[in-house]
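Trainee: I'm passing along my_file-v4.cif; it holds mmCIF, C-alpha atoms.
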```
data_input
loop_
_atom_site.label_atom_id
_atom_site.label_comp_id
_atom_site.auth_asym_id
_atom_site.auth_seq_id
_atom_site.Cartn_x
_atom_site.Cartn_y
_atom_site.Cartn_z
CA MET N 1 -9.90 16.84 -9.65
CA ALA N 2 -6.27 17.86 -10.07
CA ALA N 3 -2.91 16.30 -10.72
CA VAL N 4 -0.32 16.52 -7.93
CA ALA N 5 3.45 16.69 -8.37
CA ALA N 6 6.25 16.61 -5.83
CA ARG N 7 9.68 17.72 -6.99
CA HIS N 8 12.81 16.84 -5.01
CA ILE N 9 11.09 16.99 -1.62
CA ARG N 10 13.34 16.84 1.42
CA LYS N 11 12.45 17.08 5.09
CA GLN N 12 15.33 17.24 7.53
CA PHE N 13 15.25 16.93 11.31
CA GLY N 14 18.76 17.73 12.54
CA ASP N 15 21.07 15.32 10.74
CA VAL N 16 18.25 12.98 9.74
CA PHE N 17 16.32 13.15 6.47
CA ALA N 18 12.77 11.90 7.10
CA VAL N 19 12.08 12.52 3.41
CA ASN N 20 15.09 12.41 1.13
CA ASP N 21 14.70 13.80 -2.39
CA ILE N 22 11.33 12.27 -3.34
CA SER N 23 9.92 13.20 -6.72
CA LEU N 24 6.65 11.73 -7.97
CA SER N 25 3.39 12.67 -9.62
CA VAL N 26 -0.24 11.72 -9.04
CA ASN N 27 -2.29 11.74 -12.21
CA ASP N 28 -5.71 13.35 -12.39
CA GLY N 29 -8.17 10.91 -10.80
CA GLU N 30 -5.50 8.38 -9.88
CA PHE N 31 -5.34 6.28 -6.70
CA LEU N 32 -1.67 6.30 -5.66
CA VAL N 33 -0.54 4.26 -2.64
CA LEU N 34 2.51 5.19 -0.55
CA LEU N 35 3.76 1.86 0.81
CA GLY N 36 6.55 1.28 3.28
CA PRO N 37 7.42 0.11 6.80
CA SER N 38 6.60 2.16 9.88
CA GLY N 39 8.90 5.15 10.23
CA CYS N 40 9.92 5.23 6.57
CA GLY N 41 8.70 8.81 6.01
CA LYS N 42 5.46 8.18 4.12
CA THR N 43 3.21 10.03 6.60
CA THR N 44 5.64 12.95 6.79
CA PHE N 45 5.53 13.17 2.99
CA LEU N 46 1.72 13.09 3.05
CA ARG N 47 1.64 15.92 5.59
CA ILE N 48 3.95 17.95 3.37
CA LEU N 49 1.50 17.49 0.49
CA ALA N 50 -1.27 18.73 2.77
CA GLY N 51 0.75 21.71 3.99
CA LEU N 52 0.69 20.50 7.58
CA GLU N 53 4.50 20.16 7.45
CA SER N 54 6.86 22.45 5.60
CA GLN N 55 9.52 20.80 3.46
CA THR N 56 13.19 21.67 3.91
CA SER N 57 13.48 21.96 0.13
CA GLY N 58 11.54 21.07 -3.00
CA ASP N 59 8.24 22.04 -4.60
CA ILE N 60 4.63 20.85 -4.37
CA LEU N 61 2.35 21.51 -7.35
CA ILE N 62 -1.41 20.95 -7.41
CA GLY N 63 -3.18 21.43 -10.72
CA GLY N 64 0.07 22.79 -12.11
CA GLU N 65 0.29 25.58 -9.51
CA ASN N 66 3.11 25.82 -6.97
CA VAL N 67 1.50 25.69 -3.50
CA ASN N 68 4.62 25.94 -1.34
CA GLU N 69 3.34 29.15 0.25
CA VAL N 70 -0.35 28.20 0.19
CA PRO N 71 -1.86 27.29 3.60
CA PRO N 72 -3.55 23.90 4.04
CA ARG N 73 -7.10 25.26 3.97
CA ALA N 74 -6.51 26.84 0.55
CA ARG N 75 -4.89 23.86 -1.17
CA GLY N 76 -8.17 22.14 -2.05
CA ILE N 77 -7.14 19.06 -0.10
CA ALA N 78 -9.18 16.87 2.25
CA MET N 79 -7.33 14.56 4.62
CA VAL N 80 -8.60 11.52 6.52
CA PHE N 81 -6.38 10.41 9.39
CA GLN N 82 -5.83 7.06 11.09
CA SER N 83 -7.87 8.50 13.96
CA TYR N 84 -11.09 9.69 12.36
CA GLY N 85 -11.33 12.73 14.63
CA LEU N 86 -15.13 12.77 14.90
CA TYR N 87 -16.74 15.09 17.44
CA PRO N 88 -18.34 12.79 20.04
CA HIS N 89 -21.07 15.28 21.02
CA LEU N 90 -22.26 15.86 17.44
CA SER N 91 -24.57 13.70 15.34
CA VAL N 92 -23.39 12.09 12.12
CA PHE N 93 -25.13 14.85 10.15
CA ASN N 94 -23.44 17.61 12.12
CA ASN N 95 -20.04 15.94 12.02
CA ILE N 96 -20.25 15.85 8.24
CA ALA N 97 -21.63 19.40 8.06
CA PHE N 98 -18.98 20.88 10.33
CA PRO N 99 -16.51 22.06 7.63
CA LEU N 100 -19.37 23.62 5.67
CA LYS N 101 -20.58 25.51 8.74
CA THR N 102 -17.11 26.98 9.28
CA GLN N 103 -17.30 28.27 5.70
CA ASN N 104 -20.73 29.86 6.34
CA THR N 105 -22.32 27.70 3.65
CA PRO N 106 -26.01 28.58 3.10
CA ARG N 107 -28.37 26.22 4.94
CA ASP N 108 -30.01 24.73 1.82
CA GLU N 109 -26.69 24.09 0.10
CA LEU N 110 -25.26 22.58 3.29
CA ARG N 111 -28.13 20.13 3.62
CA ARG N 112 -27.93 19.19 -0.06
CA LYS N 113 -24.21 18.42 0.15
CA VAL N 114 -24.46 16.48 3.40
CA ASP N 115 -27.44 14.43 2.18
CA TRP N 116 -25.60 13.65 -1.07
CA ALA N 117 -22.45 12.50 0.75
CA MET N 118 -24.41 10.33 3.20
CA ARG N 119 -26.33 8.65 0.37
CA LEU N 120 -23.14 8.06 -1.60
CA LEU N 121 -21.55 6.30 1.37
CA SER N 122 -24.77 4.55 2.47
CA ILE N 123 -24.89 6.17 5.92
CA ASP N 124 -28.01 8.33 5.51
CA HIS N 125 -29.87 6.06 7.94
CA LEU N 126 -27.28 6.95 10.62
CA SER N 127 -27.86 10.69 10.37
CA SER N 128 -28.95 11.26 13.98
CA ARG N 129 -26.55 8.89 15.73
CA ARG N 130 -23.49 9.88 17.74
CA PRO N 131 -20.01 8.42 16.93
CA ARG N 132 -20.08 6.12 20.00
CA GLN N 133 -23.14 4.42 18.47
CA LEU N 134 -21.28 3.55 15.26
CA SER N 135 -19.08 0.64 14.24
CA GLY N 136 -15.51 1.23 13.10
CA GLY N 137 -16.50 0.94 9.45
CA GLU N 138 -19.37 3.40 9.89
CA ARG N 139 -17.06 5.92 11.57
CA GLN N 140 -14.66 5.60 8.68
CA ARG N 141 -17.44 6.38 6.20
CA VAL N 142 -18.52 9.39 8.23
CA ALA N 143 -14.95 10.71 8.11
CA LEU N 144 -14.89 10.21 4.34
CA ALA N 145 -18.23 11.97 3.95
CA ARG N 146 -16.97 14.92 6.00
CA ALA N 147 -13.97 15.18 3.69
CA LEU N 148 -16.10 14.75 0.57
CA VAL N 149 -18.53 17.64 1.24
CA ARG N 150 -15.64 20.06 0.93
CA GLU N 151 -15.43 19.02 -2.75
CA PRO N 152 -11.65 18.65 -2.60
CA THR N 153 -9.41 18.36 -5.63
CA VAL N 154 -7.21 15.85 -3.79
CA PHE N 155 -7.85 13.22 -1.10
CA LEU N 156 -5.06 12.33 1.32
CA LEU N 157 -5.70 9.19 3.39
CA ASP N 158 -3.34 8.21 6.22
CA GLU N 159 -3.93 4.53 7.08
CA PRO N 160 -7.70 5.06 7.49
CA LEU N 161 -8.45 1.32 7.82
CA SER N 162 -5.86 0.42 10.44
CA ASN N 163 -8.35 0.56 13.33
CA LEU N 164 -10.68 -2.01 11.75
CA ASP N 165 -10.58 -5.74 12.33
CA ALA N 166 -9.34 -8.02 9.55
CA LYS N 167 -12.77 -8.99 8.17
CA LEU N 168 -14.05 -5.44 8.14
CA ARG N 169 -10.86 -4.16 6.51
CA THR N 170 -11.44 -6.47 3.56
CA SER N 171 -14.91 -5.07 2.86
CA ALA N 172 -13.81 -1.51 3.64
CA ARG N 173 -11.02 -1.74 1.04
CA SER N 174 -13.54 -2.63 -1.61
CA GLU N 175 -15.95 0.12 -0.54
CA LEU N 176 -13.22 2.75 -0.43
CA LYS N 177 -11.89 1.86 -3.87
CA GLN N 178 -15.40 1.92 -5.36
CA PHE N 179 -16.02 5.28 -3.71
CA GLN N 180 -12.83 6.74 -5.20
CA GLN N 181 -13.70 5.43 -8.65
CA THR N 182 -17.12 7.05 -8.35
CA VAL N 183 -15.93 10.52 -7.37
CA ARG N 184 -12.70 10.26 -9.48
CA THR N 185 -10.77 12.49 -7.10
CA SER N 186 -6.98 12.23 -7.16
CA THR N 187 -6.06 10.21 -4.06
CA VAL N 188 -2.87 9.52 -2.13
CA TYR N 189 -3.23 6.65 0.34
CA VAL N 190 -0.63 5.77 2.99
CA THR N 191 -0.28 2.22 4.30
CA HIS N 192 2.29 -0.31 5.50
CA ASP N 193 -0.05 -3.16 4.46
CA GLN N 194 1.02 -4.67 1.15
CA VAL N 195 -2.39 -6.34 0.65
CA GLU N 196 -4.08 -2.93 0.79
CA ALA N 197 -1.50 -1.49 -1.58
CA MET N 198 -1.74 -4.30 -4.13
CA GLY N 199 -5.53 -4.46 -3.99
CA MET N 200 -6.30 -0.73 -4.12
CA GLY N 201 -3.56 1.18 -5.87
CA ASP N 202 -3.54 2.16 -9.53
CA ARG N 203 0.16 2.64 -8.82
CA ILE N 204 2.32 2.03 -5.76
CA ALA N 205 5.23 4.17 -4.55
CA VAL N 206 7.49 2.09 -2.29
CA ILE N 207 9.36 4.19 0.30
CA ASP N 208 12.14 3.17 2.67
CA HIS N 209 14.27 5.39 4.93
CA GLY N 210 12.80 8.50 3.34
CA GLN N 211 13.69 7.46 -0.20
CA LEU N 212 11.49 6.43 -3.11
CA ARG N 213 12.68 2.94 -4.03
CA GLN N 214 10.24 2.25 -6.89
CA ILE N 215 6.96 3.47 -8.36
CA GLY N 216 4.76 1.50 -10.73
CA THR N 217 1.61 -0.57 -11.10
CA PRO N 218 1.09 -3.44 -8.64
CA THR N 219 2.09 -5.89 -11.37
CA GLU N 220 5.29 -3.98 -12.17
CA ILE N 221 6.27 -3.67 -8.52
CA TYR N 222 5.70 -7.36 -7.83
CA ASP N 223 7.07 -8.88 -11.05
CA GLN N 224 9.92 -6.44 -11.66
CA PRO N 225 11.18 -5.19 -8.28
CA ALA N 226 13.84 -2.50 -8.61
CA ASP N 227 15.96 -3.77 -5.73
CA GLU N 228 16.19 -6.32 -2.94
CA PHE N 229 14.19 -4.17 -0.52
CA VAL N 230 11.17 -3.99 -2.86
CA ALA N 231 11.55 -7.67 -3.73
CA THR N 232 11.41 -8.77 -0.10
CA PHE N 233 8.92 -6.18 1.18
CA LEU N 234 6.17 -7.34 -1.18
CA GLY N 235 5.02 -10.92 -1.12
CA THR N 236 3.95 -13.37 1.59
CA PRO N 237 6.28 -15.11 2.16
CA PRO N 238 8.80 -12.66 0.69
CA MET N 239 11.07 -13.36 -2.26
CA ASN N 240 13.85 -15.86 -1.62
CA LEU N 241 17.40 -14.52 -2.01
CA VAL N 242 20.43 -16.79 -2.33
CA GLU N 243 24.03 -15.80 -2.81
CA ARG N 244 25.67 -15.98 -6.21
CA GLU N 245 28.88 -14.64 -7.65
CA GLY N 246 28.55 -10.87 -7.92
CA GLY N 247 25.29 -10.51 -6.01
CA SER N 248 22.03 -12.35 -5.29
CA LEU N 249 19.61 -14.61 -7.06
CA GLY N 250 15.93 -14.11 -6.24
CA PHE N 251 12.76 -16.14 -6.84
CA ARG N 252 9.23 -16.02 -5.48
CA PRO N 253 8.09 -18.89 -3.19
CA GLU N 254 5.18 -19.68 -5.52
CA HIS N 255 7.67 -20.23 -8.37
CA PHE N 256 9.85 -22.62 -6.34
CA LEU N 257 8.22 -25.98 -6.97
CA PRO N 258 9.01 -29.72 -6.98
CA ARG N 259 10.85 -30.58 -10.19
CA GLU N 260 8.12 -33.00 -11.31
CA MET N 261 5.56 -30.15 -11.35
CA LEU N 262 7.50 -28.16 -13.94
CA ASN N 263 7.73 -28.96 -17.64
CA GLY N 264 10.47 -27.94 -20.04
CA SER N 265 14.24 -27.70 -19.92
CA ALA N 266 14.82 -24.02 -19.07
CA LEU N 267 14.87 -24.72 -15.36
CA ALA N 268 17.20 -23.86 -12.50
CA GLU N 269 17.25 -26.99 -10.34
CA MET N 270 17.99 -26.75 -6.61
CA PRO N 271 18.14 -29.54 -4.02
CA PHE N 272 15.82 -28.45 -1.21
CA ARG N 273 15.99 -29.74 2.36
CA ILE N 274 12.60 -29.31 4.01
CA ASP N 275 12.82 -28.32 7.67
CA ARG N 276 9.13 -27.74 8.40
CA MET N 277 5.74 -27.29 6.74
CA GLU N 278 2.68 -25.15 7.44
CA TYR N 279 -0.80 -26.11 6.27
CA LEU N 280 -2.86 -22.98 5.50
CA GLY N 281 -5.99 -24.45 4.01
CA SER N 282 -5.65 -23.72 0.30
CA GLU N 283 -1.87 -23.82 0.34
CA ARG N 284 1.16 -25.16 2.16
CA ILE N 285 4.31 -23.26 3.00
CA LEU N 286 7.56 -25.23 3.11
CA TYR N 287 10.59 -23.86 4.97
CA GLY N 288 14.13 -25.11 4.52
CA GLU N 289 17.52 -24.66 2.88
CA ILE N 290 18.98 -25.04 -0.57
CA GLU N 291 21.92 -27.36 -0.26
CA GLY N 292 25.20 -25.93 -1.49
CA ARG N 293 23.97 -22.32 -1.69
CA PRO N 294 24.12 -19.83 1.20
CA SER N 295 20.94 -17.79 1.55
CA LYS N 296 20.17 -14.51 3.26
CA ARG N 297 17.20 -16.06 5.04
CA ILE N 298 15.30 -19.32 5.27
CA VAL N 299 14.14 -20.41 1.82
CA THR N 300 10.39 -20.92 1.38
CA ALA N 301 8.18 -22.64 -1.16
CA LYS N 302 4.45 -22.00 -1.57
CA LEU N 303 2.43 -24.87 -3.03
CA PRO N 304 -1.27 -25.45 -3.57
CA ALA N 305 -2.42 -27.78 -0.80
CA HIS N 306 -3.48 -30.49 -3.26
CA ALA N 307 -0.03 -30.38 -4.90
CA ALA N 308 1.91 -30.96 -1.68
CA SER N 309 2.02 -34.73 -1.98
CA ASP N 310 2.66 -37.17 0.83
CA GLN N 311 6.21 -37.49 -0.49
CA LEU N 312 7.03 -34.04 0.91
CA ARG N 313 7.77 -34.28 4.61
CA ALA N 314 9.82 -32.33 7.11
CA GLY N 315 13.38 -33.64 7.13
CA ASP N 316 13.26 -34.79 3.49
CA ARG N 317 15.50 -33.69 0.64
CA HIS N 318 13.70 -33.16 -2.63
CA ALA N 319 14.52 -31.86 -6.11
CA PHE N 320 12.96 -28.40 -6.54
CA ALA N 321 13.33 -26.00 -9.46
CA VAL N 322 12.45 -22.52 -10.78
CA ARG N 323 11.79 -21.58 -14.39
CA CYS N 324 14.70 -19.47 -15.60
CA SER N 325 12.24 -16.79 -16.78
CA GLU N 326 11.09 -16.38 -13.16
CA LEU N 327 14.55 -15.74 -11.70
CA HIS N 328 15.65 -12.27 -10.62
CA TYR N 329 19.26 -11.08 -10.39
CA PHE N 330 20.58 -8.40 -8.05
CA ASP N 331 24.06 -6.87 -7.91
CA ARG N 332 26.22 -6.40 -4.81
CA GLU N 333 24.38 -3.16 -3.98
CA GLY N 334 21.03 -4.98 -4.11
CA ARG N 335 19.84 -3.40 -7.38
CA ARG N 336 18.04 -5.50 -9.94
CA THR N 337 20.23 -6.01 -13.00
CA ARG N 338 19.40 -6.22 -16.67
CA GLU N 339 20.25 -9.90 -16.50
CA GLY N 340 17.14 -10.35 -14.36
CA ALA N 341 14.63 -8.84 -16.79
CA VAL N 342 11.38 -10.82 -17.02
CA GLN N 343 11.39 -12.89 -20.19
#
```
Taking this structure as input, can you express it in the form of structure tokens?

Mentor:
Amino acid sequence: MAAVAARHIRKQFGDVFAVNDISLSVNDGEFLVLLGPSGCGKTTFLRILAGLESQTSGDILIGGENVNEVPPRARGIAMVFQSYGLYPHLSVFNNIAFPLKTQNTPRDELRRKVDWAMRLLSIDHLSSRRPRQLSGGERQRVALARALVREPTVFLLDEPLSNLDAKLRTSARSELKQFQQTVRTSTVYVTHDQVEAMGMGDRIAVIDHGQLRQIGTPTEIYDQPADEFVATFLGTPPMNLVEREGGSLGFRPEHFLPREMLNGSALAEMPFRIDRMEYLGSERILYGEIEGRPSKRIVTAKLPAHAASDQLRAGDRHAFAVRCSELHYFDREGRRTREGAVQ
């Protein structure tokens, strides 16, 4: 295991900065998620960590050592890509053993390492199969096992679950997190999926247009977003933003509730006109407008299904409110202000 640090990393293509002055650290044994929309620079940054791309400026340190001039194979890094890159003509065993064979690892040691990795990932029964005989989840585990036998100090994972269907991704997330906690290898995981980020990351680094917008635990990122981008990128539906003097007022849909459901006096009341409703089993999503306040998008409310009474119908106007402690304030530049600190 080893800590990783990136200091003022920039990557420039012509006049465009794909990575623009990102500094962050990955603690020893930590699972750090790089989260952001497609094209935001997160994969480019990951490739710079691996040494597959050279940065325009800045330093990469692994275990306290500057590795700017160290080639990828000598950085102690194992990378798993979105495409698993398995050799179709090789068995599972030989796919996993391939990096060890290129290092001329003695036969007994090679078999010991491969058997250990297959048992750890519960694929030892697939040893003789070819990749075309495997499911997507099994291929993903083979790719992880191939990376693991190299005994890396750092894992870099570039959207490794994106090729799996929704049900399999849910189980694969759990398996992958348990695997990382078992081996305790420092891990950097790239995704655009906020559910993956929130469910797997010890910390999340939110990136947009090549810039680091915020880094923190899932709770910190969700409850104390640094700016409007972070506030609206995390959450389904995203945070509501309405205009106010000097900036924006934000509140989560799950905190925007019928007035009668909230107790106490420290409430911000808002007349809500309901345009339409969606029934999603355990919850209902209400879409509409707050009368008298311009908003940057349609305002949404998320209610437990049993709480959405028959009195709430499309076309109705109803008194809704938010606890003042659950309001967020953003200035004209979209930055969260001290006024919006969580109480």

Trainee: If I put a ball of radius 8 Å at (-11.5, 23.1, 2.8) in the file's coordinates, which residues poke into it when counting all atoms listed in the file, written as a PyMOL selection string?

Mentor: chain N and resi 73-78+99+150-152

Trainee: Could you spell out the hits of the PyMOL selection byres ((chain N and resi 221-225) around 10) on the shown file, as a PyMOL selection string?

Mentor: chain N and resi 198+203-206+213-220+226-235+239+252+326+328+330+335-336+340-342

Trainee: Using all atoms listed in the file, pick whichever of N:Phe251, N:Phe45, N:Phe31, N:Tyr84 has the shortest atom-to-atom distance to Val19 of chain N.

Mentor: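 Among the listed residues, the smallest separation from Val19 of chain N belongs to N:Phe45.
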
Trainee: Could you expand the PyMOL selection byres ((chain N and resi 148) around 10) into the explicit residues it covers here, written as a PyMOL selection string?

Mentor: chain N and resi 77-79+96+113-114+116-118+120+142-147+149-155+183+185

Trainee: Go ahead and write the residues just picked, C-alpha atoms, as a CSV table (one decimal), in the frame of the given file.

Mentor:
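Final file, selection_36.csv:
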```csv
chain,number,residue,atom,x,y,z
N,77,ILE,CA,-7.1,19.1,-0.1
N,78,ALA,CA,-9.2,16.9,2.2
N,79,MET,CA,-7.3,14.6,4.6
N,96,ILE,CA,-20.2,15.8,8.2
N,113,LYS,CA,-24.2,18.4,0.2
N,114,VAL,CA,-24.5,16.5,3.4
N,116,TRP,CA,-25.6,13.6,-1.1
N,117,ALA,CA,-22.4,12.5,0.8
N,118,MET,CA,-24.4,10.3,3.2
N,120,LEU,CA,-23.1,8.1,-1.6
N,142,VAL,CA,-18.5,9.4,8.2
N,143,ALA,CA,-15.0,10.7,8.1
N,144,LEU,CA,-14.9,10.2,4.3
N,145,ALA,CA,-18.2,12.0,4.0
N,146,ARG,CA,-17.0,14.9,6.0
N,147,ALA,CA,-14.0,15.2,3.7
N,149,VAL,CA,-18.5,17.6,1.2
N,150,ARG,CA,-15.6,20.1,0.9
N,151,GLU,CA,-15.4,19.0,-2.8
N,152,PRO,CA,-11.6,18.6,-2.6
N,153,THR,CA,-9.4,18.4,-5.6
N,154,VAL,CA,-7.2,15.8,-3.8
N,155,PHE,CA,-7.8,13.2,-1.1
N,183,VAL,CA,-15.9,10.5,-7.4
N,185,THR,CA,-10.8,12.5,-7.1
```

Trainee: Which residue out of N:Pro304, N:Pro258, N:Pro294, N:Gly136 has the minimum interatomic distance to Tyr279 of chain N when all atoms listed in the file are used?

Mentor: N:Pro304

Trainee: Enter the distance from atom CA of Arg129 of chain N to atom CA of Pro106 of chain N, in Å, rounded to one decimal.

Mentor: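 If I compute the distance from atom CA of Arg129 of chain N to atom CA of Pro106 of chain N, I get 23.4 Å.
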
Trainee: For a quick check of understanding, using only C-alpha atoms, which of N:Ala3, N:Val70, N:Ala305, N:Ala18 has the smallest distance to Leu32 of chain N?

Mentor: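 Among the listed residues, N:Ala3 lies closest to Leu32 of chain N.
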
Trainee: Might you spell out which residues the PyMOL selection byres ((chain N and resi 244) around 12) would select in the displayed file, as a list in words?

Mentor: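 Evaluating the PyMOL selection byres ((chain N and resi 244) around 12) on this file yields Leu241, Val242, Glu243, Glu245, Gly246, Gly247, Ser248, Leu249, Gly250, Gly292, Arg293, Pro294, Ser295, Lys296, His328, Tyr329, Phe330, Asp331 and Arg332 of chain N.
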
Trainee: Near Pro71 of chain N, within 10 Å and counting only C-alpha atoms, which residues show up once chain neighbours fewer than 5 positions away are dropped, as a list in words?

Mentor: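 Those residues are Ala50, Gly51, Leu52 and Gly76 of chain N.
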
Trainee: Point out the residue among N:Glu53, N:Glu289, N:Glu196, N:Glu138 with the least atom-to-atom distance to Ala166 of chain N, counting only C-alpha atoms.

Mentor: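 Result for the nearest residue to Ala166 of chain N: N:Glu196.
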
Trainee: Mind giving me the straight-line distance from atom CA of Asp158 of chain N to atom CA of Ser83 of chain N in Å, one decimal?

Mentor: 9.0 Å

Trainee: List the spatial neighbours of Gly64 of chain N as a VMD selection string - criterion: any atom at most 10 Å away, all atoms listed in the file, same-chain residues fewer than 5 positions off excluded.

Mentor: chain N and resid 2 to 5

Trainee: If we count only C-alpha atoms and set the cut-off at 9 Å, which residues sit around Asn20 of chain N, ignoring sequence neighbours fewer than 6 positions away in its own chain? Please answer as a list of chain:residue names.

Mentor: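 Final neighbour list, sorted by chain and number: N:His8, N:Ile9, N:Arg10, N:Lys11, N:Gln12, N:Gly41, N:His209, N:Gly210, N:Gln211, N:Leu212.
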
Trainee: I need the chosen residues saved as a PDB file, in the frame of the given file, with C-alpha atoms.

Mentor:
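That gives us part_31.pdb:
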```
ATOM      1  CA  HIS N   8      12.810  16.840  -5.010  1.00  0.00           C
ATOM      2  CA  ILE N   9      11.090  16.990  -1.620  1.00  0.00           C
ATOM      3  CA  ARG N  10      13.340  16.840   1.420  1.00  0.00           C
ATOM      4  CA  LYS N  11      12.450  17.080   5.090  1.00  0.00           C
ATOM      5  CA  GLN N  12      15.330  17.240   7.530  1.00  0.00           C
ATOM      6  CA  GLY N  41       8.700   8.810   6.010  1.00  0.00           C
ATOM      7  CA  HIS N 209      14.270   5.390   4.930  1.00  0.00           C
ATOM      8  CA  GLY N 210      12.800   8.500   3.340  1.00  0.00           C
ATOM      9  CA  GLN N 211      13.690   7.460  -0.200  1.00  0.00           C
ATOM     10  CA  LEU N 212      11.490   6.430  -3.110  1.00  0.00           C
TER      11      LEU N 212
END
```

Trainee: Figure out the distance between atom CA of Thr300 of chain N and atom CA of Arg259 of chain N, please, to one decimal in Å.

Mentor: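 So the two atoms, atom CA of Arg259 of chain N and atom CA of Thr300 of chain N, lie 15.1 Å apart.
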
Trainee: Mind listing as a list in words all residues within 6 Å of (9.4, -21.2, 3.9), counting all atoms listed in the file?

Mentor: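 The residues near that point, listed by chain and number, are Ile285, Leu286, Tyr287, Val299, Thr300 and Ala301 of chain N.
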
Trainee: If the box runs along x, y and z of the file and leaves 5 Å on each side of segment 220-228 of chain N, what are its centre and edge lengths in Å, one decimal, as JSON?

Mentor:
```
{"center_x": 10.7, "center_y": -5.7, "center_z": -7.6, "size_x": 20.9, "size_y": 16.4, "size_z": 19.2}
```
